[in-house]
Amino acid sequence: MKYVLIAAAALLAAPLYAQNQAAQNQDLGQPIPEGGEVETIDEGEGLSGSVSFEGNLDDLGIAIPGFATDRDVSTPANSSGTAALGKELARVITADLRNNGLFKPTGPDALPQPAFPEITAPNFPTWSNRGAEMLVHGYVRGRTDGKLTVGCYLYDMALQSELVREGWVVPPADWRRAAHKCADLIYSRLSGESPFFDSRVAYIAETGPKDNRTKRLAIMDSDGANHRFITTGRSTALTPRYSPDYKKLSYLSYVDGNPRIYVYDIGTGRQTLITQSTNPTFAPRWSPDGNWLLYSMAVGGNTDIYRVSARGGESTRLTDTPGIDIGGSYSPDGSRIVFESDRSGAQQCYVMNADGTNQRRISFGGSRCATPEWSPRGDQIAFTNSSSFNISVMTPSGGSVRVLTNGWQDEAPTWAPNGRIIQFFRTERNSGKATLYQVDLTGENLRRLPTPVDASDPAWGPILP
Amino acid sequence: MNTRVATGLMLASTIALAACQKKAPEELPPPPAETTPAPTPAPSGPAVGSQQHFVDAVGQQNTVVYFDTDRFDIDAEDQTKLQRQAQYFSQYSQVSFTIEGHADERGTREYNLALGERRANSAKNYLVSVGIPANRIRTVSYGKERPVALGSNEASWAQNRRAATVTIN
């Protein structure tokens, strides 16, 4: 008899469980393909002299002609074959540099096309009267296994010598990553900074009137290409964050009618709740090593920050003061967390150890401090000044505050992988339309990021693995 | 009548009923639609527990309480409104309901979600303090996601900083 009862209970429980699983996935679109591997290959010994140019890097002219191909073969990456793909690669590199206000690039449409043998031995006289101090050459080769080999070479025109070279093998679907890697190589070699182009951004795509906005989880490459929607828009989605390995996205969804944080697995196209609780959860944040997730949970109206293993299990409560403790962003070494709290009466920024000990306020400027994000370099914290609604930066001890933007309402900064650029979203007065922007750490080169529809809550991931 | 037989019959019917209930359905019903069905107009007026019945009984202005910027306290005016709501929910003790907490657009998104939850809980706590069982009250925060007034000015923001009571049908 006991056995029969257990069996009956199991019969009842199983469909219910399945129904819950189906319900929490009902706002998800078709799973998206995961990116392929990009392999860096040995391009042989390049000379690496010092850069001859000594002026302002903003004025540095760079000629980027089309990449050459040894044999024009068909490839899924371009309907016209590898020769046409070579031009496209150079266009993507040119746009990467130009759109970020870096150097003075000239693209392949205004330049002659070098032949394949010239890639490793440039015909310097051809390029000497084009006002460029630097010359980029590259090639693309279709392999028998269908993959592409892309090589990237940077030459100093004055010295007529090679500065750096690198090569990659990419699946055809990931050809743009080879262009971003070449742009990163050029940028890093000439500026001394870490790369940032080969990365992705998760954000919220917005449509509809102000009192009935549709908000969908979406992703795109750092240059806006390969745009994809993850959710269908039936439920409101907010505040996404990529896991550092780009395999998962954590975000807030109202799919069951309540605001809750889910972890969406890009490989399986399924999602799970961050914690089994009926309480609302907000503000997901990954640790830099991807092993931990921070989230905030309201219990009886009081919001605190919790930490849970990325593999699931018991949560640890990190804050316990009355009021709203929310957000949280790990220092690059994972040892500390900067977060936001109104325990003093208004939103301010605080730092604590990763285990929740030693909580201390760092913002004292007289303005409110919200949505703090620790720079991947560790030297700066970006935040929303929620008195004037501008994006600002400060040191981790709260000093040297600098205001970077001046919109009607700017909020939610997110760092480029190299800590030199900040993206955020700007809301227009009255209409409520939201747009993604980015700005240099210097406060220069403010620009609007093109997205298919209105956009908010950007979250820039690290350099792709 | 033999009581033992009657008890036996009742037990038998209870078991039969239980057996019926435990039979798992062959096919699960589709998930409920997200839109709330329009209240069916009946000659006798809105059904007890419907939003219309609630609004008719307490008055539209008493279904929403408003808050100052970043505040979540229940002032005297709010108490009067919530007392009116409490009368309704005491009279119709079978009615469960939701308090929706909201914030104005002049705040960061995540903070506003937490603030909306805190406001909804303030209203809930007051209703519980005057005798409404907590298990009949659900709270949900929409942060700044669902404004009712669409301007970017103090008058609009004041209308959006609110906790609105809605009944679950």
# chains A, B, ... in the order shown; residues from 1 in each chain; ligands from 1
>>> interface_residues(of="chain A", to="chain B", cutoff="9 Å", atoms="only C-alpha atoms", output="PyMOL selection string")
chain A and resi 8-9+11-12+15-16+19+23+210-213+234+236+238-239+257-259+280-283+296-298+300-303+323-327+340+346-347+370-371+384+386-387+389+409+411-412+429-432+457
>>> residues_around(residues="Ala163 in chain B", least_positions_apart="2", cutoff="8 Å", atoms="only C-alpha atoms", output="tab-separated table (two decimals) with C-alpha atoms, in the first residue's frame")
chain	number	residue	atom	x	y	z
B	64	VAL	CA	-3.86	53.70	-4.27
B	65	VAL	CA	-1.56	55.28	-1.67
B	66	TYR	CA	1.20	57.72	-2.67
B	99	ILE	CA	-0.35	45.26	-3.61
B	100	GLU	CA	1.76	46.59	-6.49
B	101	GLY	CA	4.65	48.84	-5.46
B	102	HIS	CA	5.95	51.46	-7.90
B	116	GLY	CA	8.69	49.47	-4.98
B	119	ARG	CA	6.42	50.49	-0.52
B	120	ALA	CA	4.16	47.50	-1.25
B	123	ALA	CA	0.94	49.08	2.75
B	161	ARG	CA	5.31	56.79	-6.51
B	165	THR	CA	-4.18	47.41	-4.40
>>> closest_residue(among="A:Pro372, A:Pro452, A:Gly224, A:Pro462", to="Asn99 in chain A", atoms="only C-alpha atoms")
A:Gly224
>>> residues_around(residues="Arg447 in chain A", least_positions_apart="5", cutoff="10 Å", atoms="only C-alpha atoms", output="NGL selection string")
:A and (99-101 or 423 or 436-440)
>>> write_last_selection(atoms="C-alpha atoms", output="PDB file, in the first residue's frame")
ATOM      1  CA  ASN A  99      33.910  54.393 -34.200  1.00  0.00           C
ATOM      2  CA  ASN A 100      35.929  54.412 -31.011  1.00  0.00           C
ATOM      3  CA  GLY A 101      37.758  57.604 -31.909  1.00  0.00           C
ATOM      4  CA  GLN A 423      28.975  52.066 -21.772  1.00  0.00           C
ATOM      5  CA  LEU A 436      23.055  53.005 -25.341  1.00  0.00           C
ATOM      6  CA  TYR A 437      26.068  55.327 -25.228  1.00  0.00           C
ATOM      7  CA  GLN A 438      29.721  54.974 -24.537  1.00  0.00           C
ATOM      8  CA  VAL A 439      32.394  57.368 -23.340  1.00  0.00           C
ATOM      9  CA  ASP A 440      36.153  57.234 -22.788  1.00  0.00           C
TER      10      ASP A 440
END
>>> residues_around(residues="Phe53 in chain A", least_positions_apart="5", cutoff="9 Å", atoms="only C-alpha atoms", output="PyMOL selection string")
chain A and resi 60+133-134+156+158
>>> write_last_selection(atoms="C-alpha atoms", output="PDB file, in the first residue's frame")
ATOM      1  CA  LEU A  60      48.014  58.669 -36.148  1.00  0.00           C
ATOM      2  CA  GLU A 133      52.150  56.569 -40.485  1.00  0.00           C
ATOM      3  CA  MET A 134      51.046  52.966 -40.084  1.00  0.00           C
ATOM      4  CA  ASP A 156      55.649  51.314 -39.420  1.00  0.00           C
ATOM      5  CA  ALA A 158      58.714  55.620 -41.463  1.00  0.00           C
TER       6      ALA A 158
END
>>> atom_distance(atom1="CA of Val453 in chain A", atom2="CA of Gly269 in chain A")
23.2 Å
>>> residues_around(residues="Ser222 in chain A", least_positions_apart="3", cutoff="12 Å", atoms="only C-alpha atoms", output="JSON list (two decimals) with C-alpha atoms, in the first residue's frame")
[["chain", "number", "residue", "atom", "x", "y", "z"],
["A", 92, "VAL", "CA", 35.33, 45.84, -39.87],
["A", 95, "ALA", "CA", 35.05, 50.73, -38.34],
["A", 96, "ASP", "CA", 36.27, 49.38, -34.98],
["A", 99, "ASN", "CA", 33.91, 54.39, -34.20],
["A", 100, "ASN", "CA", 35.93, 54.41, -31.01],
["A", 176, "ARG", "CA", 34.25, 38.94, -37.64],
["A", 177, "ARG", "CA", 36.12, 37.81, -34.54],
["A", 180, "HIS", "CA", 38.19, 42.27, -34.04],
["A", 181, "LYS", "CA", 41.32, 40.38, -32.98],
["A", 184, "ASP", "CA", 42.78, 44.60, -30.89],
["A", 195, "PRO", "CA", 42.45, 44.68, -26.04],
["A", 196, "PHE", "CA", 38.66, 45.12, -25.93],
["A", 197, "PHE", "CA", 37.10, 44.71, -29.41],
["A", 198, "ASP", "CA", 36.73, 40.90, -29.34],
["A", 199, "SER", "CA", 33.91, 40.93, -26.78],
["A", 200, "ARG", "CA", 30.12, 40.99, -26.52],
["A", 201, "VAL", "CA", 27.42, 43.08, -24.88],
["A", 202, "ALA", "CA", 24.14, 41.90, -23.34],
["A", 203, "TYR", "CA", 21.39, 44.48, -23.01],
["A", 219, "ILE", "CA", 22.96, 40.26, -27.14],
["A", 225, "ALA", "CA", 26.96, 43.04, -35.18],
["A", 226, "ASN", "CA", 25.46, 39.55, -34.69],
["A", 227, "HIS", "CA", 22.49, 40.99, -32.86],
["A", 415, "TRP", "CA", 33.20, 48.66, -18.38],
["A", 416, "ALA", "CA", 35.00, 47.67, -21.57],
["A", 417, "PRO", "CA", 37.18, 44.59, -20.97],
["A", 421, "ILE", "CA", 35.69, 52.81, -22.06],
["A", 423, "GLN", "CA", 28.97, 52.07, -21.77],
["A", 436, "LEU", "CA", 23.05, 53.00, -25.34],
["A", 438, "GLN", "CA", 29.72, 54.97, -24.54],
["A", 449, "LEU", "CA", 25.70, 52.96, -30.03],
["A", 450, "PRO", "CA", 23.40, 51.94, -32.85],
["A", 451, "THR", "CA", 20.88, 49.23, -31.89],
["A", 458, "PRO", "CA", 24.11, 47.34, -21.21],
["A", 459, "ALA", "CA", 26.48, 44.76, -19.75],
["A", 460, "TRP", "CA", 29.86, 44.44, -21.45],
["A", 461, "GLY", "CA", 31.53, 41.05, -21.10],
["A", 462, "PRO", "CA", 35.28, 40.33, -20.92],
["A", 463, "ILE", "CA", 37.50, 39.46, -23.91],
["A", 464, "LEU", "CA", 36.01, 36.32, -25.49]]
>>> select_by_dssp(residues="range 161-364 of chain A", states="alpha helix (DSSP H)", output="number ranges by chain")
A: 175-191
>>> select_by_dssp(residues="range 193-410 of chain A", states="strand (DSSP E or B)", output="compact mmCIF listing (two decimals) with N, CA and C atoms, in the first residue's frame")
# COMPACT_ATOMS: atom_id res chain seq x y z
N ARG A 200 31.54 40.83 -26.24
CA ARG A 200 30.12 40.99 -26.52
C ARG A 200 29.43 41.81 -25.44
N VAL A 201 28.23 42.26 -25.79
CA VAL A 201 27.42 43.08 -24.88
C VAL A 201 26.03 42.44 -24.77
N ALA A 202 25.54 42.28 -23.56
CA ALA A 202 24.14 41.90 -23.34
C ALA A 202 23.39 43.17 -22.95
N TYR A 203 22.14 43.28 -23.36
CA TYR A 203 21.39 44.48 -23.01
C TYR A 203 19.89 44.20 -23.12
N ILE A 204 19.07 45.22 -22.83
CA ILE A 204 17.62 45.09 -22.92
C ILE A 204 17.11 45.93 -24.09
N ALA A 205 16.45 45.25 -25.03
CA ALA A 205 15.87 45.92 -26.20
C ALA A 205 14.46 46.38 -25.84
N GLU A 206 14.15 47.66 -26.12
CA GLU A 206 12.87 48.24 -25.69
C GLU A 206 12.06 48.72 -26.89
N THR A 207 10.76 48.41 -26.86
CA THR A 207 9.82 48.92 -27.87
C THR A 207 8.51 49.27 -27.17
N THR A 214 7.72 47.00 -24.05
CA THR A 214 8.16 45.61 -24.18
C THR A 214 9.67 45.60 -24.00
N LYS A 215 10.18 44.75 -23.10
CA LYS A 215 11.61 44.72 -22.80
C LYS A 215 12.13 43.32 -22.96
N ARG A 216 13.05 43.16 -23.94
CA ARG A 216 13.56 41.83 -24.29
C ARG A 216 15.05 41.74 -24.03
N LEU A 217 15.47 40.58 -23.55
CA LEU A 217 16.89 40.31 -23.40
C LEU A 217 17.51 40.12 -24.79
N ALA A 218 18.63 40.83 -25.04
CA ALA A 218 19.28 40.74 -26.35
C ALA A 218 20.79 40.75 -26.16
N ILE A 219 21.49 40.26 -27.17
CA ILE A 219 22.96 40.26 -27.14
C ILE A 219 23.50 40.73 -28.48
N MET A 220 24.73 41.21 -28.48
CA MET A 220 25.39 41.63 -29.72
C MET A 220 26.89 41.66 -29.51
N ASP A 221 27.63 41.68 -30.63
CA ASP A 221 29.07 41.86 -30.55
C ASP A 221 29.37 43.29 -30.09
N ARG A 228 21.12 39.48 -31.53
CA ARG A 228 20.11 38.42 -31.34
C ARG A 228 19.25 38.72 -30.13
N PHE A 229 17.97 38.39 -30.26
CA PHE A 229 17.05 38.45 -29.11
C PHE A 229 17.05 37.10 -28.41
N THR A 231 14.85 36.64 -25.42
CA THR A 231 13.47 36.44 -24.97
C THR A 231 12.50 37.03 -25.99
N ALA A 237 11.92 41.73 -19.24
CA ALA A 237 13.27 41.27 -18.87
C ALA A 237 14.11 42.51 -18.57
N LEU A 238 14.98 42.42 -17.56
CA LEU A 238 15.80 43.56 -17.14
C LEU A 238 17.19 43.09 -16.71
N THR A 239 18.12 44.01 -16.66
CA THR A 239 19.43 43.92 -15.98
C THR A 239 20.22 42.63 -16.23
N PRO A 240 20.61 42.35 -17.49
CA PRO A 240 21.39 41.12 -17.76
C PRO A 240 22.86 41.27 -17.39
N ARG A 241 23.50 40.13 -17.18
CA ARG A 241 24.96 40.08 -17.01
C ARG A 241 25.47 38.78 -17.64
N TYR A 242 26.50 38.90 -18.50
CA TYR A 242 27.15 37.72 -19.07
C TYR A 242 28.02 37.05 -18.01
N LYS A 248 26.66 31.67 -20.04
CA LYS A 248 25.39 31.91 -19.37
C LYS A 248 25.08 33.39 -19.29
N LEU A 249 23.81 33.69 -19.11
CA LEU A 249 23.35 35.06 -18.88
C LEU A 249 22.46 35.03 -17.65
N SER A 250 22.75 35.88 -16.68
CA SER A 250 21.81 36.02 -15.56
C SER A 250 21.05 37.33 -15.78
N TYR A 251 19.77 37.33 -15.47
CA TYR A 251 18.96 38.52 -15.71
C TYR A 251 17.67 38.41 -14.91
N LEU A 252 16.95 39.53 -14.84
CA LEU A 252 15.67 39.55 -14.13
C LEU A 252 14.55 39.34 -15.14
N SER A 253 13.60 38.47 -14.79
CA SER A 253 12.44 38.26 -15.64
C SER A 253 11.18 38.22 -14.79
N ARG A 260 12.21 38.06 -10.68
CA ARG A 260 13.12 37.05 -10.16
C ARG A 260 14.32 36.92 -11.10
N ILE A 261 15.46 36.56 -10.50
CA ILE A 261 16.68 36.38 -11.29
C ILE A 261 16.76 34.94 -11.78
N TYR A 262 17.01 34.81 -13.08
CA TYR A 262 17.21 33.51 -13.71
C TYR A 262 18.62 33.43 -14.27
N VAL A 263 19.11 32.20 -14.40
CA VAL A 263 20.38 31.97 -15.10
C VAL A 263 20.04 31.21 -16.37
N TYR A 264 20.24 31.88 -17.50
CA TYR A 264 19.94 31.31 -18.82
C TYR A 264 21.19 30.65 -19.37
N ASP A 265 21.07 29.39 -19.76
CA ASP A 265 22.19 28.64 -20.32
C ASP A 265 22.15 28.75 -21.85
N ARG A 270 17.84 26.94 -21.97
CA ARG A 270 16.92 26.80 -20.84
C ARG A 270 17.40 27.71 -19.70
N GLN A 271 16.51 27.95 -18.74
CA GLN A 271 16.93 28.78 -17.62
C GLN A 271 16.45 28.21 -16.30
N THR A 272 17.15 28.59 -15.22
CA THR A 272 16.80 28.15 -13.88
C THR A 272 16.78 29.36 -12.96
N LEU A 273 16.00 29.26 -11.88
CA LEU A 273 15.98 30.33 -10.87
C LEU A 273 17.30 30.36 -10.13
N THR A 281 13.89 38.69 -6.31
CA THR A 281 15.36 38.80 -6.38
C THR A 281 15.73 39.76 -7.50
N PHE A 282 16.80 40.52 -7.27
CA PHE A 282 17.23 41.56 -8.20
C PHE A 282 18.75 41.50 -8.41
N ALA A 283 19.23 42.28 -9.38
CA ALA A 283 20.63 42.71 -9.47
C ALA A 283 21.66 41.57 -9.46
N PRO A 284 21.65 40.70 -10.49
CA PRO A 284 22.64 39.62 -10.54
C PRO A 284 24.02 40.12 -10.94
N ARG A 285 25.07 39.57 -10.34
CA ARG A 285 26.44 39.96 -10.67
C ARG A 285 27.34 38.73 -10.54
N TRP A 286 28.18 38.46 -11.55
CA TRP A 286 29.11 37.33 -11.51
C TRP A 286 30.41 37.75 -10.84
N TRP A 292 31.00 32.42 -8.61
CA TRP A 292 29.99 32.94 -7.68
C TRP A 292 29.05 33.91 -8.38
N LEU A 293 27.86 34.01 -7.84
CA LEU A 293 26.90 35.01 -8.28
C LEU A 293 26.43 35.78 -7.06
N LEU A 294 26.42 37.10 -7.19
CA LEU A 294 25.76 37.93 -6.19
C LEU A 294 24.34 38.20 -6.68
N TYR A 295 23.40 38.26 -5.74
CA TYR A 295 22.07 38.75 -6.09
C TYR A 295 21.51 39.45 -4.86
N SER A 296 20.46 40.23 -5.05
CA SER A 296 19.84 40.93 -3.95
C SER A 296 18.43 40.39 -3.80
N MET A 297 17.98 40.23 -2.55
CA MET A 297 16.66 39.65 -2.31
C MET A 297 15.94 40.48 -1.26
N ALA A 298 14.67 40.77 -1.54
CA ALA A 298 13.84 41.51 -0.59
C ALA A 298 13.04 40.53 0.25
N VAL A 299 13.17 40.64 1.56
CA VAL A 299 12.38 39.81 2.48
C VAL A 299 11.59 40.77 3.37
N ASN A 302 12.66 44.39 2.97
CA ASN A 302 14.06 44.76 3.26
C ASN A 302 14.99 44.00 2.32
N THR A 303 15.82 44.73 1.55
CA THR A 303 16.65 44.10 0.53
C THR A 303 18.10 43.95 1.00
N ASP A 304 18.64 42.76 0.89
CA ASP A 304 20.03 42.49 1.22
C ASP A 304 20.73 41.76 0.08
N ILE A 305 22.07 41.75 0.14
CA ILE A 305 22.88 41.11 -0.90
C ILE A 305 23.26 39.70 -0.45
N TYR A 306 23.13 38.74 -1.34
CA TYR A 306 23.44 37.34 -1.08
C TYR A 306 24.46 36.85 -2.11
N ARG A 307 25.16 35.79 -1.73
CA ARG A 307 26.11 35.16 -2.65
C ARG A 307 25.74 33.68 -2.77
N VAL A 308 25.79 33.16 -3.99
CA VAL A 308 25.50 31.75 -4.21
C VAL A 308 26.53 31.20 -5.20
N SER A 309 26.86 29.92 -5.05
CA SER A 309 27.79 29.30 -5.99
C SER A 309 27.13 29.24 -7.37
N SER A 315 22.59 29.74 -0.31
CA SER A 315 23.05 31.12 -0.43
C SER A 315 23.60 31.61 0.90
N THR A 316 24.54 32.55 0.81
CA THR A 316 25.08 33.20 2.00
C THR A 316 24.66 34.66 1.97
N ARG A 317 24.08 35.13 3.09
CA ARG A 317 23.68 36.54 3.16
C ARG A 317 24.89 37.37 3.54
N ILE A 324 17.88 49.25 1.88
CA ILE A 324 18.11 48.59 0.60
C ILE A 324 19.61 48.46 0.36
N ASP A 325 20.12 47.23 0.45
CA ASP A 325 21.49 46.93 0.02
C ASP A 325 21.35 46.17 -1.29
N ILE A 326 21.97 46.67 -2.36
CA ILE A 326 21.66 46.09 -3.67
C ILE A 326 22.87 46.23 -4.60
N GLY A 327 22.85 45.43 -5.66
CA GLY A 327 23.92 45.50 -6.65
C GLY A 327 25.14 44.77 -6.14
N GLY A 328 26.28 45.36 -6.32
CA GLY A 328 27.51 44.70 -5.91
C GLY A 328 28.34 44.38 -7.13
N SER A 329 29.61 44.68 -7.05
CA SER A 329 30.52 44.42 -8.17
C SER A 329 31.86 44.04 -7.57
N TYR A 330 32.38 42.89 -7.99
CA TYR A 330 33.63 42.38 -7.44
C TYR A 330 34.83 43.18 -7.94
N ARG A 336 37.14 41.80 -2.94
CA ARG A 336 36.25 42.81 -2.36
C ARG A 336 35.03 43.03 -3.26
N ILE A 337 34.01 43.67 -2.68
CA ILE A 337 32.77 43.95 -3.42
C ILE A 337 32.37 45.40 -3.15
N VAL A 338 32.11 46.15 -4.21
CA VAL A 338 31.54 47.49 -4.03
C VAL A 338 30.05 47.37 -4.27
N PHE A 339 29.22 47.99 -3.42
CA PHE A 339 27.77 47.87 -3.55
C PHE A 339 27.10 49.17 -3.14
N GLU A 340 25.80 49.18 -3.29
CA GLU A 340 25.01 50.38 -3.03
C GLU A 340 24.08 50.11 -1.85
N SER A 341 23.94 51.10 -0.97
CA SER A 341 23.06 50.95 0.19
C SER A 341 22.46 52.31 0.55
N GLN A 348 24.18 55.40 -1.31
CA GLN A 348 25.62 55.67 -1.27
C GLN A 348 26.36 54.38 -1.60
N CYS A 349 27.65 54.51 -1.93
CA CYS A 349 28.44 53.34 -2.30
C CYS A 349 29.33 52.89 -1.14
N TYR A 350 29.43 51.59 -0.97
CA TYR A 350 30.16 50.96 0.13
C TYR A 350 31.06 49.86 -0.44
N VAL A 351 32.13 49.57 0.28
CA VAL A 351 33.00 48.45 -0.08
C VAL A 351 33.01 47.47 1.09
N MET A 352 33.00 46.18 0.78
CA MET A 352 33.14 45.15 1.83
C MET A 352 34.06 44.05 1.31
N ASN A 353 34.54 43.22 2.24
CA ASN A 353 35.28 42.03 1.81
C ASN A 353 34.31 41.06 1.14
N ARG A 360 32.24 49.41 4.66
CA ARG A 360 32.52 50.82 4.93
C ARG A 360 32.14 51.68 3.73
N ARG A 361 31.60 52.84 4.06
CA ARG A 361 31.15 53.76 3.01
C ARG A 361 32.34 54.42 2.34
N CYS A 369 25.13 57.92 -4.76
CA CYS A 369 26.00 57.01 -5.50
C CYS A 369 25.23 55.70 -5.70
N ALA A 370 25.07 55.30 -6.98
CA ALA A 370 24.29 54.10 -7.28
C ALA A 370 25.00 53.27 -8.36
N THR A 371 24.62 52.03 -8.49
CA THR A 371 25.10 51.08 -9.50
C THR A 371 26.62 51.10 -9.67
N PRO A 372 27.39 50.95 -8.57
CA PRO A 372 28.86 50.97 -8.73
C PRO A 372 29.36 49.74 -9.47
N GLU A 373 30.34 49.94 -10.35
CA GLU A 373 30.95 48.85 -11.13
C GLU A 373 32.46 49.00 -11.06
N TRP A 374 33.12 47.97 -10.56
CA TRP A 374 34.56 48.00 -10.40
C TRP A 374 35.22 47.79 -11.76
N ILE A 381 36.24 52.94 -9.95
CA ILE A 381 34.87 52.45 -9.80
C ILE A 381 33.97 53.44 -10.54
N ALA A 382 33.20 52.92 -11.50
CA ALA A 382 32.22 53.75 -12.21
C ALA A 382 30.90 53.66 -11.46
N PHE A 383 30.12 54.73 -11.45
CA PHE A 383 28.83 54.69 -10.76
C PHE A 383 27.88 55.70 -11.38
N THR A 384 26.61 55.57 -11.04
CA THR A 384 25.61 56.55 -11.43
C THR A 384 25.50 57.57 -10.31
N ASN A 385 25.75 58.84 -10.62
CA ASN A 385 25.43 59.89 -9.68
C ASN A 385 23.91 60.04 -9.73
N ASN A 390 24.27 61.42 -13.82
CA ASN A 390 25.40 61.37 -14.74
C ASN A 390 26.28 60.19 -14.38
N ILE A 391 27.08 59.75 -15.35
CA ILE A 391 28.03 58.67 -15.10
C ILE A 391 29.32 59.29 -14.57
N SER A 392 29.82 58.75 -13.47
CA SER A 392 31.03 59.27 -12.85
C SER A 392 31.98 58.13 -12.53
N VAL A 393 33.22 58.47 -12.26
CA VAL A 393 34.20 57.49 -11.79
C VAL A 393 34.88 58.03 -10.54
N MET A 394 35.40 57.11 -9.73
CA MET A 394 36.17 57.48 -8.55
C MET A 394 37.18 56.36 -8.28
N ARG A 402 35.27 62.05 -10.85
CA ARG A 402 35.17 62.79 -12.11
C ARG A 402 33.84 62.46 -12.77
N VAL A 403 33.14 63.51 -13.24
CA VAL A 403 31.87 63.34 -13.96
C VAL A 403 32.19 63.18 -15.44
N GLN A 409 19.15 61.90 -18.18
CA GLN A 409 19.26 60.80 -17.21
C GLN A 409 20.16 59.71 -17.77
N ASP A 410 21.38 59.65 -17.27
CA ASP A 410 22.34 58.62 -17.64
C ASP A 410 22.48 57.67 -16.45
